[in-house]
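J.: Pasting a structure here, questions to come.
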Amino acid sequence: MENFTSTYGNSAADAAPQERASFIRRTYLHLAGAILAFVGLEYLIFSSGFAETIAAAMVGTRFSWFIVLALFMGVSYIANKWANSQTSKATQYFGLALSVFSYAILFVPLLFIAAYYGGGGETIVKAGIITLGLFAGLTAVVFITRKDFSFLGSILTIGGFLALAFIGASLLFGFSLGSLFAFLMVGFAATAILYDTSNVLHKYHPSQHVAASLALFASVALLFWYILSIFSSSDD
């Protein structure tokens with residue numbers, strides 16, 4: 001993760017109060033829409049009966065999961081590039097939609113395991129509530145203090161590379177990362193939320209609400225992934 005710099009010029013922090021408030025409102029409305037779309041896609045996948053087939057295909061071997069993650073990273077790169085497009089609003093929305101869809105597919109194996117082997121729907125709901133609660137708390141910290149957390153960018157970049165290295169090694173050599181790694185990644189995701197929320201206040205241009213909502217959605221999804229992983233493993 002790189003230190004964020006708006007490519008559009010002046011940030012929302014320098015905009016008129018009404019324009020800044022409009023940008024923040026649109027960002028969080030788009031985030032809410034992305035989360036609802038994610039939930040809707042998961043409902044369609046599981047209610048259609050294809051969840052088990054998709055999960056089996058994705059995690060049949062550790063190398064198939066490695067391929068899935070590699071494809072996901074590639075798709076995420078494209079989605080982020082589209083969401084940050086300066087030329088077309090339609091392209092920005094295509095980027096957000098592509099990201100939500102790719103996350104919905106990526107989550108199928110974890111949600112399937114949680115639903116049928118890790119405590120059932122109650123575990124998923126519990127993880128979701130805690131995720132949203134933590135997100136609300138972290139968001140409140142940034143909005144109340146108005147602190148610029150952009151200094152966290154370099155920390156997240158280093159932490160992200162380390163996390164990817166450990167995940168890659170676990171897939172290649174077949175060892176489990178364990179609960180400690182999951183707890184550390186919860187901390188990483190929480191830090192990313194602070195960073196992304198700070199960017200909403202201090203870095204993004206008022207016209208970048210789609211890109212801002214995508215960044216927040218990705219961090220919330222990461223937080224939910226590892227909280228759900230912790231709860232699923234504790235119910236084994």
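By convention in this document, the chains of the structure tokens carry letters A, B, ... by their order, each chain's residues are numbered from 1, and ligands are numbered from 1 in the order they are shown.
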Ala34 (chain A): which residues within 10 Å, counting only C-alpha atoms, same-chain residues fewer than 6 positions away excluded, as a count of residues only?

T.: 11

J.: Find the spatial neighbours of Leu228 (chain A), counting only C-alpha atoms, within a cut-off of 10 Å - ignore same-chain residues fewer than 2 positions away - and output them as a ChimeraX atom specification.

T.: /A:110-111,114,118,123-128,130-131,182,222-226,230-234

J.: If we count only C-alpha atoms and set the cut-off at 10 Å, which residues sit around Phe183 (chain A), ignoring sequence neighbours fewer than 2 positions away in its own chain? Please answer as a PyMOL selection string.

T.: chain A and resi 178-181+185-189+223+226-227+229-230

J.: What are the closest atom pairs, with distances in Å to one decimal, for each residue of region 113-216 of chain A lying within 12 Å of region 15-19 of chain A, using only C-alpha atoms, rows by chain and rising residue number, as CSV?

T.:
residue,atom,partner,partner_atom,distance
A:Leu201,CA,A:Ala15,CA,10.5
A:His202,CA,A:Ala15,CA,10.3
A:Lys203,CA,A:Ala15,CA,11.1
A:Tyr204,CA,A:Ala15,CA,10.6
A:His205,CA,A:Ala15,CA,8.5
A:Pro206,CA,A:Glu19,CA,7.0
A:Ser207,CA,A:Glu19,CA,9.6
A:His209,CA,A:Glu19,CA,11.7

J.: Could you tell me how far CA of Asn199 (chain A) lies from CA of Arg26 (chain A), in Å and to one decimal?

T.: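 Taking CA of Asn199 (chain A) and CA of Arg26 (chain A), their separation equals 14.7 Å.
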
J.: Which residues come within 8 Å of Arg146 (chain A), counting only C-alpha atoms, excluding same-chain residues fewer than 4 positions away, as a ChimeraX atom specification?

T.: /A:141-142,198,201

J.: Those same residues - C-alpha atoms - I'd like them written as a PDB file, in the first residue's frame.

T.:
ATOM      1  CA  VAL A 141     -11.839   8.127  16.125  1.00  0.00           C
ATOM      2  CA  VAL A 142     -10.770   9.722  12.836  1.00  0.00           C
ATOM      3  CA  SER A 198      -8.105   9.658   7.218  1.00  0.00           C
ATOM      4  CA  LEU A 201     -10.969  13.598   5.249  1.00  0.00           C
TER       5      LEU A 201
END

J.: Env of Phe66 (chain A): 12 Å cut, atoms = only C-alpha atoms, seq-sep filter 5 positions within chain, self excluded. Answer as a list in words.

T.: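 That gives Met58, Val59, Gly60, Thr61, Leu71, Phe72, Met73, Leu106, Leu164, Ile167, Gly168, Ala169, Ser170, Leu171, Leu172, Phe173 and Gly174 of chain A.
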
J.: Using only C-alpha atoms, pick whichever of A:Tyr117, A:Phe161, A:Phe151, A:Phe107 has the shortest atom-to-atom distance to Val68 (chain A).

T.: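 Among the listed residues, the smallest separation from Val68 (chain A) belongs to A:Phe107.
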
J.: Pick out the residues sitting within 8 Å of region 80-84 of chain A, and hand them over as a list in words; count only C-alpha atoms, and ignore anything fewer than 2 positions along from it in its own chain.

T.: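 Once the adjacent positions are removed, what remains is Ser76, Tyr77, Ile78, Gln86, Thr91, Gln92, Tyr93, Phe94, Gly95, Leu96, Ser99, Gln208, Val210, Ala211 and Leu214 of chain A.
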
J.: Dump C-alpha atoms for the selected residues as a CSV table (one decimal), in the first residue's frame?

T.:
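Result file follows (out.csv):
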chain,number,residue,atom,x,y,z
A,76,SER,CA,-8.3,-6.0,-7.7
A,77,TYR,CA,-5.5,-4.0,-9.4
A,78,ILE,CA,-7.7,-3.5,-12.4
A,86,GLN,CA,-10.3,10.5,-14.2
A,91,THR,CA,-15.5,3.3,-15.5
A,92,GLN,CA,-15.3,4.2,-11.9
A,93,TYR,CA,-18.5,2.4,-11.1
A,94,PHE,CA,-17.4,-0.6,-13.2
A,95,GLY,CA,-14.3,-0.7,-11.0
A,96,LEU,CA,-16.3,-0.7,-7.8
A,99,SER,CA,-14.2,-5.3,-6.9
A,208,GLN,CA,-13.3,10.7,-5.9
A,210,VAL,CA,-16.2,6.0,-5.8
A,211,ALA,CA,-12.5,5.4,-5.3
A,214,LEU,CA,-13.7,1.1,-2.7

J.: Can you measure CA of Thr139 (chain A) to CA of Asn10 (chain A) for me? One decimal in Å is fine.

T.: 22.5 Å

J.: Could you tell me, as a PyMOL selection string, which residues of region 87-191 of chain A DSSP assigns to alpha helix (DSSP H) when given the backbone?

T.: chain A and resi 89-116+121-145+152-173+178-191

J.: Rounded to one decimal, what separation in Å do you get between CA of Ala190 (chain A) and CA of Leu132 (chain A)?

T.: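 CA of Ala190 (chain A) sits 11.3 Å away from CA of Leu132 (chain A).
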
J.: May I ask which of the residues A:Ala163, A:Ala13, A:Ile45, A:Ile105 is the closest one to Lys147 (chain A), counting only C-alpha atoms?

T.: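 The shortest atom-to-atom distance to Lys147 (chain A) comes from A:Ala13.
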